[in-house]
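Worksheet: one structure, shown below.
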Amino acid sequence: MSDFVYFFTFQDASIAFVVIGITLLGIGSAYVGTYSFLDKKALLGDAISHAVLPGICLGFMLAGEKNPLYIVTGAFLSGALATFLTSWLKSKTQLSDDAIIASILSIFFGFGVVLLTVIQKSGNPEMAGLNQFIFGNAIAILEEDLYIYGGLAVLIIITLTVFRKEFSMLVFNADFGKSIGYPMGTIRLIFNVLMILAVVIGIQAIGVVLMAALLITPGAAARFWTDRLGKLLLIAGAFSAVSGVIGTYISFVIPQMPTGPWVVVCLSMFALISFLFAPKKGVLARYIARRHYLKKTHQDHLLKLIYHGIESGKQNFPIEEIYQSFPYRKRETKHTIDELIKTDLLTINQGFIDFTSKGKSEAKRIVRLHRLWELYLNEYMNIAPDHVHDSAEKLEHILTPELEALLENRLNYPKLDPHQETIPRDNDEL
Amino acid sequence: MIINVDSPILEIHDLTVSYDQSPVLWNVDLSLPSGKLIGILGPNGAGKSTLIKAIMGLIPTSGGYVKLFDRELNDVRSRISYVPQRESVDWNFPASVLDVVMMGTYGKLGLFKRPGKKEKKIAMDCLEKVGMQSFVDRQISELSGGQQQRVFIARALAQEADLYLMDEPFAGVDMATETAIFQLLKEMTAAGKTVIVVHHDIHSAMNYFDWIIMLNLHLVASGPKKDVVTEELLRKTYGGKLNLLTKVTDIIRQKDFNPLKN
């Protein structure tokens with residue numbers, strides 16, 4: 001607990017620095033990553049992040065120490081080379097995107113691991129820190145390095161904000177942008193540079209292997225919550241920043257614990273929560289909507305049952321008889337009847353069920369939709385009368401008043417359905 | 001039957017276009033009058049969309065050139081509006097109807113600048129012209145095909161151009177929308193604009209267009225409707241495969257390079 005207080009009250013200036021740094025880089029990479037996620041280029045981020053490893057190693061070899069300038073430059077150049085090779089191979093060969101990206105990723109990463117091994121064998125005392133680039137360690141980042149990473153993150157955020165309309169057009173409709181004379185090639189280039197930069201600055205905190213998660217997961221998770229680009233970027237940035245800080249905290253509390261995996265675990269939690277509980281798009285919301293729909297269909301069927309009974313001359317409806325009409329569903333049926341009484345569609349009197357006037361017109365509406373649809377299928381789609389019932393049984397619950405008006409109009413307010421049954425209108429006697 | 005005009009709004013000279021190895025347009029050479037509603041007709045894979053994209057400089061050409069308003073494309077971009085195929089974009093992109101229509105103002109707005117009140121006003125006016133004003137804030141993935149098409153046309157209107165190039169604006173729209181769009185295009189040409197439309201349905205084309213371009217890998221015809229709509233030209237456009245031309249294409253594809261590229 002004292003660790004928690006110590007960490008989050010920022011008594012230690014270096015912790016405050018790290019937290020600010022990781023927040024900035026989290027927001028920056030979530031920002032870039034959201035665009036590349038929308039552009040369906042999620043894998044490119046993964047390729048770039050693996051491809052920076054040889055650059056880091058070469059930078060280290062040239063400098064002979066962990067000089068951030070050498071390492072950032074090396075990482076950037078090898079990321080840029082990988083990006084360039086990806087698009088070059090695409091234009092010059094018949095290879096598919098996934099094959100190209102998979103090869104680039106593994107070739108660069110493999111080469112990077114070779115270099116890393118060479119450095120380790122060389123016995124350079126400085127090399128201890130290099131392993132951190134694989135899984136990341138935010139706490140170990142030096143203050144002067146943070147200035148570089150933080151500065152680059154701010155640069156990414158500002159560029160993306162200033163060019164927001166250009167980048168949106170790049171993703172949504174690049175051809176249109178080109179047609180109005182925007183330099184879409186240059187804008188794509190700038191975007192790729194930002195993407196590489198985002199990877200480069202995240203490498204030391206998150207690590208080569210997991211950096212792609214920090215790029216893509218925030219945007220993918222945030223997409224469940226909103227349909228607006230502005231909000232999407234904000235939510236993605238927030239997920240990413242919070243995960244970054246939590247990952248850093250765990251690295252702080254448990255020495256030697258890498259930051260990257262914990263950031264990813266945290267991001268995955270956000271993604272899972274979004275997937276399950278987001279309104280409208282989440283699994284739970286869709287499940288509830290479906291339950292609601294099924295309940296509605298049962299109500300409709302129950303109203304129809306009574307309607308059909310009255311139509312064939314039946315006088316009264318004991319509740320037990322209705323239960324028997326829906327075998328094995330007594331509890332559900334009882335519940336539905338209760339609901340229908342509560343919403344003033346049915347009344348119950350000494351175990352006998354009857355329509356209210358509201359219920360009667362609702363039942364007429366459902367039967368009307370059912371029979372109109374049957375007639376439409378029969379007349380306009382030439383489907384035989386004995387084949388139209390099943391489709392109508394489903395559509396009677398979802399046809400809107402507009403469609404009803406359209407059907408009435410198209411069919412010229414018909415009296416009878418294909419089975420010669422009356423299509424009930426609201427004013428008709430039942 | 002290729003009829004040329006004096007002082008054309010669009011002049012295409014010996015345009016050849018290839019995708020990868022295979023040529024998809026052979027030596028298209030035509031000129032078009034201004035103020036007309038012009039239809040580009042042809043079967044699937046005839047190169048209709050390719051022609052429009054080549055005019056807009058969206059794909060590299062293997063030979064020939066295009067002149068618009070007697071100038072180079074880059075000098076007159078602000079006077080030209082391009083409407084891509086509806087299917088060419090991802091409608092799940094998180095944007096509202098207004099966001100998309102506002103893109104029409106970006107050309108005049110230029111880089112860096114953010115759209116403001118003036119741009120919003122233009123976009124609203126254009127949405128009203130296509131009867132979509134009540135959909136301003138709707139997420140674009142919730143629109144029907146016809147509504148998406150209208151949004152694209154509103155975006156084109158927002159460009160306030162003189163020449164419109166539309167790729168299949170009638171694809172996937174219902175009859176009512178088709179009539180409404182056609183009325184709008186007619187009003188535009190009446191106001192002196194030139195509208196070039198890629199169209200697949202030959203029957204409605206007979207009613208819609210003043211001038212018709214028939215295409216099937218090469219230019220079959222270009223001229224006023226009454227001159228070019230003949231049984232012979234229609235058969236040349238739609239009937240049968242161009243055996244020889246497709247065979248040449250096959251030979252070229254088997255080569256390691258494209259001999260048509262200069």
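Chain labels A, B, ... are given in the sequence in which chains occur in the structure tokens; within each chain residues are numbered consecutively from 1, and ligands are likewise numbered from 1 in the order shown.
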**Study point:** Long-range neighbours of Ala384 of chain A as a list of chain:residue names, 12 Å cut-off, only C-alpha atoms, 4 positions minimum in chain
**Key:** A:Glu374, A:Leu375, A:Tyr376, A:Leu377, A:Asn378, A:Glu379, A:Tyr380, A:Val388, A:His389, A:Pro418, A:His419
Could those residues be written to a file, using N, CA and C atoms, as a tab-separated table (two decimals), in the first residue's frame?
```
chain	number	residue	atom	x	y	z
A	374	GLU	N	-47.84	-12.07	-46.28
A	374	GLU	CA	-48.13	-13.31	-47.02
A	374	GLU	C	-48.63	-12.98	-48.42
A	375	LEU	N	-49.51	-11.98	-48.48
A	375	LEU	CA	-50.08	-11.62	-49.77
A	375	LEU	C	-49.01	-11.03	-50.70
A	376	TYR	N	-48.14	-10.23	-50.09
A	376	TYR	CA	-47.06	-9.62	-50.88
A	376	TYR	C	-46.16	-10.69	-51.48
A	377	LEU	N	-45.78	-11.66	-50.64
A	377	LEU	CA	-44.93	-12.75	-51.13
A	377	LEU	C	-45.63	-13.49	-52.25
A	378	ASN	N	-46.93	-13.71	-52.05
A	378	ASN	CA	-47.68	-14.48	-53.03
A	378	ASN	C	-47.83	-13.71	-54.35
A	379	GLU	N	-48.17	-12.43	-54.25
A	379	GLU	CA	-48.47	-11.68	-55.47
A	379	GLU	C	-47.21	-11.19	-56.19
A	380	TYR	N	-46.25	-10.68	-55.41
A	380	TYR	CA	-45.10	-10.03	-56.05
A	380	TYR	C	-43.92	-10.96	-56.25
A	388	VAL	N	-45.76	-19.35	-47.64
A	388	VAL	CA	-45.53	-17.97	-47.22
A	388	VAL	C	-45.61	-17.78	-45.71
A	389	HIS	N	-46.16	-18.78	-44.99
A	389	HIS	CA	-46.44	-18.57	-43.57
A	389	HIS	C	-45.18	-18.34	-42.73
A	418	PRO	N	-53.67	-14.71	-49.00
A	418	PRO	CA	-53.68	-15.84	-49.94
A	418	PRO	C	-54.47	-17.04	-49.43
A	419	HIS	N	-54.70	-17.11	-48.11
A	419	HIS	CA	-55.49	-18.23	-47.57
A	419	HIS	C	-56.95	-17.85	-47.43
```
Next item on the list: Within 6 Å of chain B, which residues of chain A are there when counting only C-alpha atoms? Please give them as a ChimeraX atom specification.
Entry: /A:173,180,227-229
- prompt: Where in segment 201-426 of chain A does DSSP assign alpha helix (DSSP H), given as a PyMOL selection string?
  reply: chain A and resi 201-206+211-222+229-253+259-277+283-311+319-325+330-342+357-380+389-395+401-411
